[in-house]
>>> print(open('start_38.cif').read())   # mmCIF, C-alpha atoms
data_query
#
loop_
_atom_site.label_atom_id
_atom_site.label_comp_id
_atom_site.auth_asym_id
_atom_site.auth_seq_id
_atom_site.Cartn_x
_atom_site.Cartn_y
_atom_site.Cartn_z
CA MET W 29 -9.46 -25.85 131.71
CA LYS W 30 -9.04 -22.21 132.72
CA GLU W 31 -8.79 -19.70 129.88
CA SER W 32 -5.56 -18.31 131.37
CA ARG W 33 -3.98 -21.77 131.26
CA LEU W 34 -5.10 -22.24 127.66
CA MET W 35 -3.42 -18.94 126.76
CA LEU W 36 -0.21 -20.12 128.42
CA ILE W 37 -0.44 -23.30 126.33
CA GLN W 38 -0.93 -21.08 123.27
CA TYR W 39 2.24 -19.10 124.07
CA ALA W 40 4.30 -22.18 124.96
CA THR W 41 3.27 -23.98 121.75
CA ALA W 42 3.98 -20.75 119.80
CA VAL W 43 7.60 -20.63 121.00
CA LEU W 44 8.06 -24.39 120.48
CA ALA W 45 6.43 -24.22 117.03
CA LEU W 46 8.70 -21.35 116.01
CA ALA W 47 11.81 -23.43 116.81
CA LEU W 48 10.46 -26.69 115.31
CA VAL W 49 9.08 -25.07 112.12
CA ALA W 50 12.34 -23.13 111.61
CA ALA W 51 14.30 -26.41 111.95
CA HIS W 52 11.86 -28.13 109.54
CA LEU W 53 12.25 -25.37 106.92
CA ILE W 54 16.05 -25.34 107.30
CA MET W 55 16.11 -29.12 106.78
CA GLN W 56 13.95 -28.77 103.66
CA GLY W 57 15.62 -25.84 101.97
CA VAL W 58 19.03 -25.08 103.44
CA ILE W 59 20.82 -28.28 104.53
CA LEU W 60 19.82 -30.19 101.40
CA PRO W 61 18.70 -28.93 97.98
CA TYR W 62 14.88 -28.87 97.91
CA ASP W 63 14.59 -31.56 95.20
CA THR W 64 16.76 -33.92 97.25
CA ALA W 65 14.98 -33.05 100.52
CA ILE W 66 11.57 -34.08 99.17
CA SER W 67 12.79 -37.19 97.34
CA PHE W 68 11.19 -40.47 98.43
CA ASN W 69 14.47 -42.02 99.60
CA ASN W 70 15.47 -39.00 101.68
CA ILE W 71 12.08 -38.82 103.42
CA LEU W 72 12.18 -42.57 104.04
CA SER W 73 15.61 -42.20 105.68
CA ILE W 74 14.21 -39.36 107.86
CA TYR W 75 11.30 -41.51 109.09
CA GLN W 76 13.61 -44.46 109.75
CA ASN W 77 15.67 -42.32 112.10
CA TRP W 78 13.92 -42.37 115.49
CA ILE W 79 15.11 -38.87 116.41
CA TYR W 80 13.81 -37.34 113.17
CA ALA W 81 10.55 -39.29 113.38
CA GLY W 82 10.09 -38.07 116.97
CA PHE W 83 10.86 -34.54 115.82
CA LEU W 84 8.15 -34.75 113.12
CA GLU W 85 5.61 -36.13 115.62
CA ALA W 86 6.42 -33.31 118.08
CA LEU W 87 6.10 -30.76 115.26
CA LEU W 88 2.72 -32.25 114.33
CA VAL W 89 1.30 -32.08 117.85
CA VAL W 90 2.68 -28.61 118.67
CA VAL W 91 1.49 -26.87 115.49
CA LEU W 92 -1.94 -28.52 115.54
CA VAL W 93 -2.57 -27.63 119.20
CA HIS W 94 -1.39 -24.07 118.53
CA GLY W 95 -3.38 -23.76 115.29
CA PHE W 96 -6.69 -25.10 116.54
CA ASN W 97 -6.41 -23.32 119.91
CA GLY W 98 -5.75 -20.11 117.95
CA LEU W 99 -8.88 -20.72 115.87
CA ARG W 100 -10.80 -21.37 119.11
CA ILE W 101 -9.63 -17.97 120.44
CA ILE W 102 -10.79 -16.24 117.25
CA LEU W 103 -14.19 -17.96 117.42
CA HIS W 104 -14.56 -16.95 121.10
CA GLU W 105 -13.80 -13.34 120.13
CA TRP W 106 -16.46 -13.55 117.44
CA ARG W 107 -19.36 -14.70 119.64
CA GLN W 108 -19.68 -15.20 123.38
CA THR W 109 -22.92 -17.11 123.97
CA ALA W 110 -22.64 -20.13 126.28
CA PRO W 111 -23.77 -22.77 123.72
CA TRP W 112 -21.41 -21.33 121.09
CA SER W 113 -18.47 -21.38 123.52
CA ARG W 114 -19.24 -24.97 124.54
CA TRP W 115 -19.44 -26.20 120.94
CA VAL W 116 -16.31 -24.30 119.94
CA ASP W 117 -14.36 -25.88 122.83
CA LEU W 118 -15.69 -29.38 122.04
CA GLY W 119 -15.04 -28.86 118.32
CA THR W 120 -11.47 -27.77 119.02
CA VAL W 121 -10.72 -30.89 121.08
CA ALA W 122 -12.30 -33.09 118.40
CA ALA W 123 -10.43 -31.34 115.56
CA VAL W 124 -7.07 -31.64 117.35
CA ALA W 125 -7.73 -35.33 118.09
CA VAL W 126 -8.69 -36.14 114.48
CA ALA W 127 -5.84 -34.16 112.91
CA VAL W 128 -3.18 -35.46 115.33
CA GLY W 129 -4.57 -38.98 114.84
CA TYR W 130 -4.35 -38.73 111.04
CA GLY W 131 -0.84 -37.22 111.12
CA THR W 132 0.36 -39.80 113.66
CA ARG W 133 -1.00 -42.55 111.41
CA THR W 134 1.27 -41.22 108.62
CA VAL W 135 4.28 -41.23 110.96
CA ILE W 136 3.54 -44.76 112.27
CA LEU W 137 2.99 -46.19 108.78
CA ALA W 138 6.13 -44.44 107.49
CA VAL W 139 8.19 -45.92 110.34
CA PHE W 140 6.69 -49.44 110.57
CA GLY W 141 4.87 -49.99 107.24
CA GLY W 142 6.28 -52.10 104.43
CA VAL W 143 7.82 -50.12 101.56
CA SER W 144 6.14 -50.53 98.15
CA GLY W 145 7.04 -49.26 94.69
CA MET Q 28 -34.61 -6.62 122.75
CA SER Q 29 -33.47 -4.88 125.95
CA LEU Q 30 -31.66 -1.54 125.87
CA VAL Q 31 -28.37 -3.24 126.77
CA GLY Q 32 -28.97 -5.85 124.08
CA GLU Q 33 -29.72 -3.18 121.48
CA GLU Q 34 -26.57 -1.27 122.42
CA ARG Q 35 -24.52 -4.45 122.22
CA ALA Q 36 -26.00 -5.34 118.81
CA LYS Q 37 -25.29 -1.83 117.51
CA ASN Q 38 -21.62 -2.07 118.55
CA LYS Q 39 -21.11 -5.64 117.37
CA ARG Q 40 -18.86 -5.75 114.32
CA GLY Q 41 -17.78 -9.39 114.48
CA ILE Q 42 -15.20 -10.81 112.06
CA TRP Q 43 -15.87 -8.02 109.52
CA GLY Q 44 -14.69 -5.54 112.14
CA TRP Q 45 -11.15 -6.86 111.61
CA LEU Q 46 -11.17 -5.78 107.99
CA ASN Q 47 -12.52 -2.28 108.40
CA PRO Q 48 -9.43 -0.05 108.08
CA TYR Q 49 -11.14 3.07 109.44
CA HIS Q 50 -9.28 4.47 112.48
CA TYR Q 51 -6.81 1.55 112.58
CA ASN Q 52 -3.28 2.09 113.84
CA LEU Q 53 -0.29 -0.16 113.18
CA GLU Q 54 -0.97 -2.32 116.24
CA ARG Q 55 -4.54 -2.96 115.11
CA TRP Q 56 -3.41 -3.87 111.61
CA ALA Q 57 -0.91 -6.29 113.16
CA TYR Q 58 -3.81 -7.78 115.19
CA THR Q 59 -5.83 -8.30 112.01
CA PHE Q 60 -2.93 -9.80 110.07
CA GLN Q 61 -2.03 -12.08 113.00
CA ARG Q 62 -5.48 -13.64 112.78
CA VAL Q 63 -5.74 -13.73 108.99
CA THR Q 64 -2.26 -15.29 108.66
CA GLY Q 65 -3.05 -17.71 111.50
CA VAL Q 66 -6.16 -19.03 109.72
CA ALA Q 67 -4.26 -19.18 106.40
CA VAL Q 68 -1.43 -21.21 107.97
CA LEU Q 69 -3.91 -23.56 109.67
CA LEU Q 70 -5.62 -24.21 106.31
CA TYR Q 71 -2.23 -24.89 104.71
CA LEU Q 72 -1.30 -27.17 107.60
CA LEU Q 73 -4.41 -29.30 107.07
CA GLY Q 74 -3.60 -29.52 103.35
CA HIS Q 75 -0.01 -30.45 104.22
CA LEU Q 76 -1.29 -33.22 106.53
CA GLY Q 77 -3.24 -34.54 103.56
CA ASP Q 78 -0.43 -34.36 101.00
CA THR Q 79 2.23 -35.86 103.31
CA SER Q 80 -0.10 -38.80 104.00
CA PHE Q 81 0.47 -39.78 100.35
CA PHE Q 82 4.00 -40.75 101.39
CA VAL Q 83 2.33 -43.81 102.93
CA GLY Q 84 -0.21 -44.27 100.12
CA GLY Q 85 -2.85 -41.72 101.18
CA PRO Q 86 -5.90 -42.34 103.41
CA THR Q 87 -6.05 -46.05 102.53
CA GLY Q 88 -2.30 -46.66 102.35
CA THR Q 89 -0.40 -49.18 104.45
CA GLY Q 90 3.23 -48.03 104.21
CA PRO Q 91 5.76 -45.91 102.28
CA SER Q 92 4.85 -45.90 98.59
CA SER Q 93 7.06 -44.23 95.98
CA SER Q 94 4.31 -44.32 93.31
CA SER Q 95 1.83 -42.56 95.61
CA TRP Q 96 4.50 -39.98 96.55
CA SER Q 97 5.29 -39.40 92.85
CA PHE Q 98 1.56 -38.97 92.17
CA ILE Q 99 1.14 -36.24 94.80
CA GLY Q 100 4.41 -34.63 93.68
CA SER Q 101 3.09 -34.43 90.11
CA ILE Q 102 0.15 -32.37 91.42
CA PHE Q 103 1.96 -29.94 93.75
CA GLU Q 104 5.59 -29.76 92.56
CA ASN Q 105 5.11 -27.11 89.90
CA SER Q 106 5.31 -23.30 89.66
CA PHE Q 107 1.84 -22.82 91.14
CA GLY Q 108 2.57 -25.13 94.09
CA HIS Q 109 5.90 -23.42 94.69
CA LEU Q 110 4.24 -20.00 94.59
CA ILE Q 111 1.84 -21.21 97.29
CA LEU Q 112 4.86 -22.30 99.38
CA VAL Q 113 6.46 -18.85 98.99
CA LEU Q 114 3.22 -17.24 100.20
CA VAL Q 115 3.00 -19.73 103.10
CA VAL Q 116 6.53 -18.86 104.23
CA LEU Q 117 5.68 -15.13 103.91
CA VAL Q 118 2.60 -15.33 106.16
CA LEU Q 119 4.15 -17.94 108.48
CA THR Q 120 7.21 -15.78 109.18
CA PHE Q 121 5.09 -12.70 109.84
CA HIS Q 122 2.83 -14.74 112.12
CA GLY Q 123 5.82 -16.16 114.03
CA VAL Q 124 7.78 -12.94 114.56
CA ASN Q 125 4.68 -10.86 115.27
CA GLY Q 126 3.59 -13.61 117.66
CA ILE Q 127 6.81 -13.18 119.64
CA ARG Q 128 5.98 -9.45 119.90
CA LEU Q 129 2.53 -10.35 121.23
CA ILE Q 130 3.99 -12.73 123.83
CA LEU Q 131 6.49 -10.08 124.97
CA SER Q 132 3.75 -7.48 125.29
CA GLU Q 133 1.39 -9.95 127.01
CA PHE Q 134 3.97 -10.33 129.77
CA GLY Q 135 4.46 -6.54 129.88
CA LEU Q 136 8.06 -6.66 128.68
CA ILE Q 137 7.76 -4.12 125.87
CA MET Q 138 4.84 -2.04 127.12
CA LYS Q 139 5.24 1.58 128.13
CA LYS Q 140 4.33 2.50 131.67
CA PRO Q 141 0.74 3.72 132.12
CA SER Q 142 0.40 7.52 132.24
CA GLY Q 143 -2.23 10.24 132.05
CA ILE Q 144 -4.23 10.80 128.90
CA GLU Q 145 -2.70 13.62 126.87
CA TYR Q 146 -3.56 15.13 123.55
CA PRO Q 147 -3.26 13.84 120.77
CA TYR Q 148 -4.30 10.60 122.53
CA ARG Q 149 -1.78 8.24 120.98
CA PRO Q 150 -2.02 4.74 122.48
CA LYS Q 151 0.64 4.30 125.17
CA SER Q 152 0.84 0.58 124.42
CA LEU Q 153 2.34 1.24 121.01
CA GLY Q 154 5.84 2.28 122.03
CA SER Q 155 8.82 2.47 119.72
CA VAL Q 156 9.89 -1.12 120.52
CA GLN Q 157 6.44 -2.47 119.62
CA LYS Q 158 6.31 -0.44 116.40
CA SER Q 159 9.82 -1.56 115.47
CA LEU Q 160 8.96 -5.21 116.08
CA VAL Q 161 5.97 -4.99 113.73
CA TRP Q 162 8.31 -3.70 111.01
CA VAL Q 163 10.87 -6.40 111.92
CA ALA Q 164 8.10 -8.99 111.42
CA ILE Q 165 7.27 -7.53 107.99
CA ALA Q 166 10.95 -7.38 106.97
CA ALA Q 167 11.64 -10.94 108.20
CA ALA Q 168 8.60 -12.20 106.26
CA VAL Q 169 9.80 -10.56 103.04
CA VAL Q 170 13.37 -11.89 103.46
CA ALA Q 171 12.13 -15.43 104.24
CA ALA Q 172 9.76 -15.37 101.25
CA LEU Q 173 12.59 -14.14 99.01
CA TRP Q 174 14.85 -16.93 100.27
CA THR Q 175 12.10 -19.48 99.60
CA TYR Q 176 11.63 -18.08 96.10
CA LEU Q 177 15.36 -18.48 95.43
CA VAL Q 178 15.35 -22.06 96.80
CA LEU Q 179 12.27 -23.15 94.83
CA PHE Q 180 12.60 -21.20 91.60
CA GLU Q 181 16.36 -20.60 91.27
CA GLY Q 182 17.64 -23.87 92.78
CA MET Q 183 19.50 -22.29 95.69
CA GLY Q 184 19.91 -24.06 99.01
#
>>> encode(input="start_38.cif", output="structure tokens")
Amino acid sequence: MKESRLMLIQYATAVLALALVAAHLIMQGVILPYDTAISFNNILSIYQNWIYAGFLEALLVVVLVHGFNGLRIILHEWRQTAPWSRWVDLGTVAAVAVAVGYGTRTVILAVFGGVSG
Amino acid sequence: MSLVGEERAKNKRGIWGWLNPYHYNLERWAYTFQRVTGVAVLLYLLGHLGDTSFFVGGPTGTGPSSSSWSFIGSIFENSFGHLILVLVVLVLTFHGVNGIRLILSEFGLIMKKPSGIEYPYRPKSLGSVQKSLVWVAIAAAVVAALWTYLVLFEGMG
């Protein structure tokens, strides 16, 4: 993918992340008291609401793409040899895939998994 | 090594170049902090991915587990963990607001028009709007961190 397109993705995910993270923080510390917000039952009710679960999945993807693409940009600024650039790009794709996969597993298990004590 | 290669090696400062304060203006400091806070937030994010997975029993879990969630809460829900969250909100807010400044300047919206070089050679890119937005980012970060402190340590919210 062209570097200019990757920068546009970086800016688009930045704006989206700003809105989603702000909403996440407001849900955790403003709408409900923090102790209630992080209680097991409250989080379970969040995951069992499809809109909230979708919101958390979108937050996960947006911040991870933005974060790892940002790290890729820093690493490209650091060194510019062709092998380095290739490995950084491959590493970024792999890191995003693994992290999104692990986070999505949490969301799927929270939504569909059986509750235990 | 060729002459060009030697010249390039001499001028190469790499990551450590970010942290050398010599001859830095406000914009350059904002550049450094944008990257340092970005890496810090990414590290926190990976940790947060790990701790939230304990809601479903951790890496080997199969579904929501209150005992696993209580276990991870007993590790992070204390003064030290809350202090980390205050610092995360501080750097996250700076990164977000300063990032908006960078996007605006990338699209040329808050850049001054190019002009001739005049003594004392102040960078034309760093206009009053840009400078103000850096300070807005710092102020927003402090206010957000203070709010988080009040929520976590004083029970507000």
>>> resolve_selection(input="start_38.cif", expression="the PyMOL selection byres ((chain Q) within 9 of (chain W))", output="mmCIF file with C-alpha atoms, keeping the file's coordinate frame")
data_model
loop_
_atom_site.group_PDB
_atom_site.id
_atom_site.type_symbol
_atom_site.label_atom_id
_atom_site.label_comp_id
_atom_site.auth_asym_id
_atom_site.auth_seq_id
_atom_site.Cartn_x
_atom_site.Cartn_y
_atom_site.Cartn_z
ATOM 1 C CA ARG Q 40 -18.860 -5.750 114.320
ATOM 2 C CA GLY Q 41 -17.780 -9.390 114.480
ATOM 3 C CA ILE Q 42 -15.200 -10.810 112.060
ATOM 4 C CA ARG Q 62 -5.480 -13.640 112.780
ATOM 5 C CA GLY Q 65 -3.050 -17.710 111.500
ATOM 6 C CA VAL Q 66 -6.160 -19.030 109.720
ATOM 7 C CA VAL Q 68 -1.430 -21.210 107.970
ATOM 8 C CA LEU Q 69 -3.910 -23.560 109.670
ATOM 9 C CA LEU Q 72 -1.300 -27.170 107.600
ATOM 10 C CA LEU Q 73 -4.410 -29.300 107.070
ATOM 11 C CA LEU Q 76 -1.290 -33.220 106.530
ATOM 12 C CA GLY Q 77 -3.240 -34.540 103.560
ATOM 13 C CA THR Q 79 2.230 -35.860 103.310
ATOM 14 C CA SER Q 80 -0.100 -38.800 104.000
ATOM 15 C CA PHE Q 81 0.470 -39.780 100.350
ATOM 16 C CA PHE Q 82 4.000 -40.750 101.390
ATOM 17 C CA VAL Q 83 2.330 -43.810 102.930
ATOM 18 C CA GLY Q 85 -2.850 -41.720 101.180
ATOM 19 C CA PRO Q 86 -5.900 -42.340 103.410
ATOM 20 C CA GLY Q 88 -2.300 -46.660 102.350
ATOM 21 C CA THR Q 89 -0.400 -49.180 104.450
ATOM 22 C CA GLY Q 90 3.230 -48.030 104.210
ATOM 23 C CA PRO Q 91 5.760 -45.910 102.280
ATOM 24 C CA SER Q 92 4.850 -45.900 98.590
ATOM 25 C CA SER Q 93 7.060 -44.230 95.980
ATOM 26 C CA SER Q 94 4.310 -44.320 93.310
ATOM 27 C CA SER Q 95 1.830 -42.560 95.610
ATOM 28 C CA TRP Q 96 4.500 -39.980 96.550
ATOM 29 C CA SER Q 97 5.290 -39.400 92.850
ATOM 30 C CA THR Q 120 7.210 -15.780 109.180
ATOM 31 C CA GLY Q 123 5.820 -16.160 114.030
ATOM 32 C CA VAL Q 124 7.780 -12.940 114.560
ATOM 33 C CA GLY Q 126 3.590 -13.610 117.660
ATOM 34 C CA ILE Q 127 6.810 -13.180 119.640
ATOM 35 C CA ILE Q 130 3.990 -12.730 123.830
ATOM 36 C CA THR Q 175 12.100 -19.480 99.600
ATOM 37 C CA VAL Q 178 15.350 -22.060 96.800
ATOM 38 C CA LEU Q 179 12.270 -23.150 94.830
ATOM 39 C CA GLY Q 182 17.640 -23.870 92.780
ATOM 40 C CA MET Q 183 19.500 -22.290 95.690
ATOM 41 C CA GLY Q 184 19.910 -24.060 99.010
#
>>> atom_distance(input="start_38.cif", atom1="CA of Val156 in chain Q", atom2="CA of Ala51 in chain W")
27.1 Å
>>> atom_distance(input="start_38.cif", atom1="CA of Leu114 in chain Q", atom2="CA of Ala172 in chain Q")
6.9 Å
>>> build_atoms(input="start_38.cif", residues="range 56-87 of chain W", atoms="N, CA and C atoms", output="PDB file, in the coordinates of the input")
ATOM      1  N   GLN W  56      14.520 -28.593 105.002  1.00  0.00           N
ATOM      2  CA  GLN W  56      13.950 -28.770 103.660  1.00  0.00           C
ATOM      3  C   GLN W  56      14.616 -27.892 102.600  1.00  0.00           C
ATOM      4  N   GLY W  57      15.149 -26.757 103.005  1.00  0.00           N
ATOM      5  CA  GLY W  57      15.620 -25.840 101.970  1.00  0.00           C
ATOM      6  C   GLY W  57      17.027 -25.313 102.117  1.00  0.00           C
ATOM      7  N   VAL W  58      17.695 -25.638 103.225  1.00  0.00           N
ATOM      8  CA  VAL W  58      19.030 -25.080 103.440  1.00  0.00           C
ATOM      9  C   VAL W  58      20.083 -26.191 103.506  1.00  0.00           C
ATOM     10  N   ILE W  59      19.821 -27.212 104.352  1.00  0.00           N
ATOM     11  CA  ILE W  59      20.820 -28.280 104.530  1.00  0.00           C
ATOM     12  C   ILE W  59      20.951 -29.102 103.247  1.00  0.00           C
ATOM     13  N   LEU W  60      19.816 -29.425 102.651  1.00  0.00           N
ATOM     14  CA  LEU W  60      19.820 -30.190 101.400  1.00  0.00           C
ATOM     15  C   LEU W  60      19.112 -29.365 100.326  1.00  0.00           C
ATOM     16  N   PRO W  61      19.489 -29.565  99.040  1.00  0.00           N
ATOM     17  CA  PRO W  61      18.700 -28.930  97.980  1.00  0.00           C
ATOM     18  C   PRO W  61      17.257 -29.411  98.063  1.00  0.00           C
ATOM     19  N   TYR W  62      16.300 -28.553  97.737  1.00  0.00           N
ATOM     20  CA  TYR W  62      14.880 -28.870  97.910  1.00  0.00           C
ATOM     21  C   TYR W  62      14.495 -30.176  97.212  1.00  0.00           C
ATOM     22  N   ASP W  63      14.965 -30.355  95.957  1.00  0.00           N
ATOM     23  CA  ASP W  63      14.590 -31.560  95.200  1.00  0.00           C
ATOM     24  C   ASP W  63      15.058 -32.832  95.905  1.00  0.00           C
ATOM     25  N   THR W  64      16.249 -32.756  96.518  1.00  0.00           N
ATOM     26  CA  THR W  64      16.760 -33.920  97.250  1.00  0.00           C
ATOM     27  C   THR W  64      15.973 -34.108  98.541  1.00  0.00           C
ATOM     28  N   ALA W  65      15.671 -32.984  99.219  1.00  0.00           N
ATOM     29  CA  ALA W  65      14.980 -33.050 100.520  1.00  0.00           C
ATOM     30  C   ALA W  65      13.619 -33.718 100.418  1.00  0.00           C
ATOM     31  N   ILE W  66      12.912 -33.495  99.286  1.00  0.00           N
ATOM     32  CA  ILE W  66      11.570 -34.080  99.170  1.00  0.00           C
ATOM     33  C   ILE W  66      11.562 -35.385  98.387  1.00  0.00           C
ATOM     34  N   SER W  67      12.752 -35.915  98.076  1.00  0.00           N
ATOM     35  CA  SER W  67      12.790 -37.190  97.340  1.00  0.00           C
ATOM     36  C   SER W  67      12.327 -38.321  98.261  1.00  0.00           C
ATOM     37  N   PHE W  68      11.749 -39.350  97.670  1.00  0.00           N
ATOM     38  CA  PHE W  68      11.190 -40.470  98.430  1.00  0.00           C
ATOM     39  C   PHE W  68      12.243 -41.094  99.357  1.00  0.00           C
ATOM     40  N   ASN W  69      13.434 -41.347  98.811  1.00  0.00           N
ATOM     41  CA  ASN W  69      14.470 -42.020  99.600  1.00  0.00           C
ATOM     42  C   ASN W  69      14.934 -41.180 100.789  1.00  0.00           C
ATOM     43  N   ASN W  70      15.037 -39.859 100.573  1.00  0.00           N
ATOM     44  CA  ASN W  70      15.470 -39.000 101.680  1.00  0.00           C
ATOM     45  C   ASN W  70      14.412 -38.973 102.794  1.00  0.00           C
ATOM     46  N   ILE W  71      13.144 -38.858 102.404  1.00  0.00           N
ATOM     47  CA  ILE W  71      12.080 -38.820 103.420  1.00  0.00           C
ATOM     48  C   ILE W  71      12.000 -40.149 104.166  1.00  0.00           C
ATOM     49  N   LEU W  72      12.192 -41.244 103.411  1.00  0.00           N
ATOM     50  CA  LEU W  72      12.180 -42.570 104.040  1.00  0.00           C
ATOM     51  C   LEU W  72      13.306 -42.667 105.086  1.00  0.00           C
ATOM     52  N   SER W  73      14.479 -42.143 104.730  1.00  0.00           N
ATOM     53  CA  SER W  73      15.610 -42.200 105.680  1.00  0.00           C
ATOM     54  C   SER W  73      15.327 -41.329 106.906  1.00  0.00           C
ATOM     55  N   ILE W  74      14.581 -40.220 106.714  1.00  0.00           N
ATOM     56  CA  ILE W  74      14.210 -39.360 107.860  1.00  0.00           C
ATOM     57  C   ILE W  74      13.281 -40.130 108.806  1.00  0.00           C
ATOM     58  N   TYR W  75      12.255 -40.787 108.237  1.00  0.00           N
ATOM     59  CA  TYR W  75      11.300 -41.510 109.090  1.00  0.00           C
ATOM     60  C   TYR W  75      11.946 -42.707 109.775  1.00  0.00           C
ATOM     61  N   GLN W  76      12.976 -43.279 109.153  1.00  0.00           N
ATOM     62  CA  GLN W  76      13.610 -44.460 109.750  1.00  0.00           C
ATOM     63  C   GLN W  76      14.618 -44.096 110.831  1.00  0.00           C
ATOM     64  N   ASN W  77      14.832 -42.788 111.005  1.00  0.00           N
ATOM     65  CA  ASN W  77      15.670 -42.320 112.100  1.00  0.00           C
ATOM     66  C   ASN W  77      14.737 -41.920 113.249  1.00  0.00           C
ATOM     67  N   TRP W  78      14.856 -42.577 114.376  1.00  0.00           N
ATOM     68  CA  TRP W  78      13.920 -42.370 115.490  1.00  0.00           C
ATOM     69  C   TRP W  78      13.896 -40.917 115.972  1.00  0.00           C
ATOM     70  N   ILE W  79      15.058 -40.270 115.936  1.00  0.00           N
ATOM     71  CA  ILE W  79      15.110 -38.870 116.410  1.00  0.00           C
ATOM     72  C   ILE W  79      14.326 -37.969 115.462  1.00  0.00           C
ATOM     73  N   TYR W  80      14.540 -38.144 114.146  1.00  0.00           N
ATOM     74  CA  TYR W  80      13.810 -37.340 113.170  1.00  0.00           C
ATOM     75  C   TYR W  80      12.309 -37.638 113.213  1.00  0.00           C
ATOM     76  N   ALA W  81      11.968 -38.917 113.335  1.00  0.00           N
ATOM     77  CA  ALA W  81      10.550 -39.290 113.380  1.00  0.00           C
ATOM     78  C   ALA W  81       9.884 -38.670 114.623  1.00  0.00           C
ATOM     79  N   GLY W  82      10.596 -38.701 115.742  1.00  0.00           N
ATOM     80  CA  GLY W  82      10.090 -38.070 116.970  1.00  0.00           C
ATOM     81  C   GLY W  82       9.944 -36.566 116.807  1.00  0.00           C
ATOM     82  N   PHE W  83      10.918 -35.982 116.109  1.00  0.00           N
ATOM     83  CA  PHE W  83      10.860 -34.540 115.820  1.00  0.00           C
ATOM     84  C   PHE W  83       9.610 -34.207 115.008  1.00  0.00           C
ATOM     85  N   LEU W  84       9.330 -35.010 113.971  1.00  0.00           N
ATOM     86  CA  LEU W  84       8.150 -34.750 113.120  1.00  0.00           C
ATOM     87  C   LEU W  84       6.848 -34.927 113.908  1.00  0.00           C
ATOM     88  N   GLU W  85       6.814 -35.910 114.800  1.00  0.00           N
ATOM     89  CA  GLU W  85       5.610 -36.130 115.620  1.00  0.00           C
ATOM     90  C   GLU W  85       5.411 -34.942 116.583  1.00  0.00           C
ATOM     91  N   ALA W  86       6.514 -34.472 117.172  1.00  0.00           N
ATOM     92  CA  ALA W  86       6.420 -33.310 118.080  1.00  0.00           C
ATOM     93  C   ALA W  86       5.956 -32.074 117.316  1.00  0.00           C
ATOM     94  N   LEU W  87       6.503 -31.888 116.112  1.00  0.00           N
ATOM     95  CA  LEU W  87       6.100 -30.760 115.260  1.00  0.00           C
ATOM     96  C   LEU W  87       4.595 -30.832 114.972  1.00  0.00           C
TER      97      LEU W  87
END
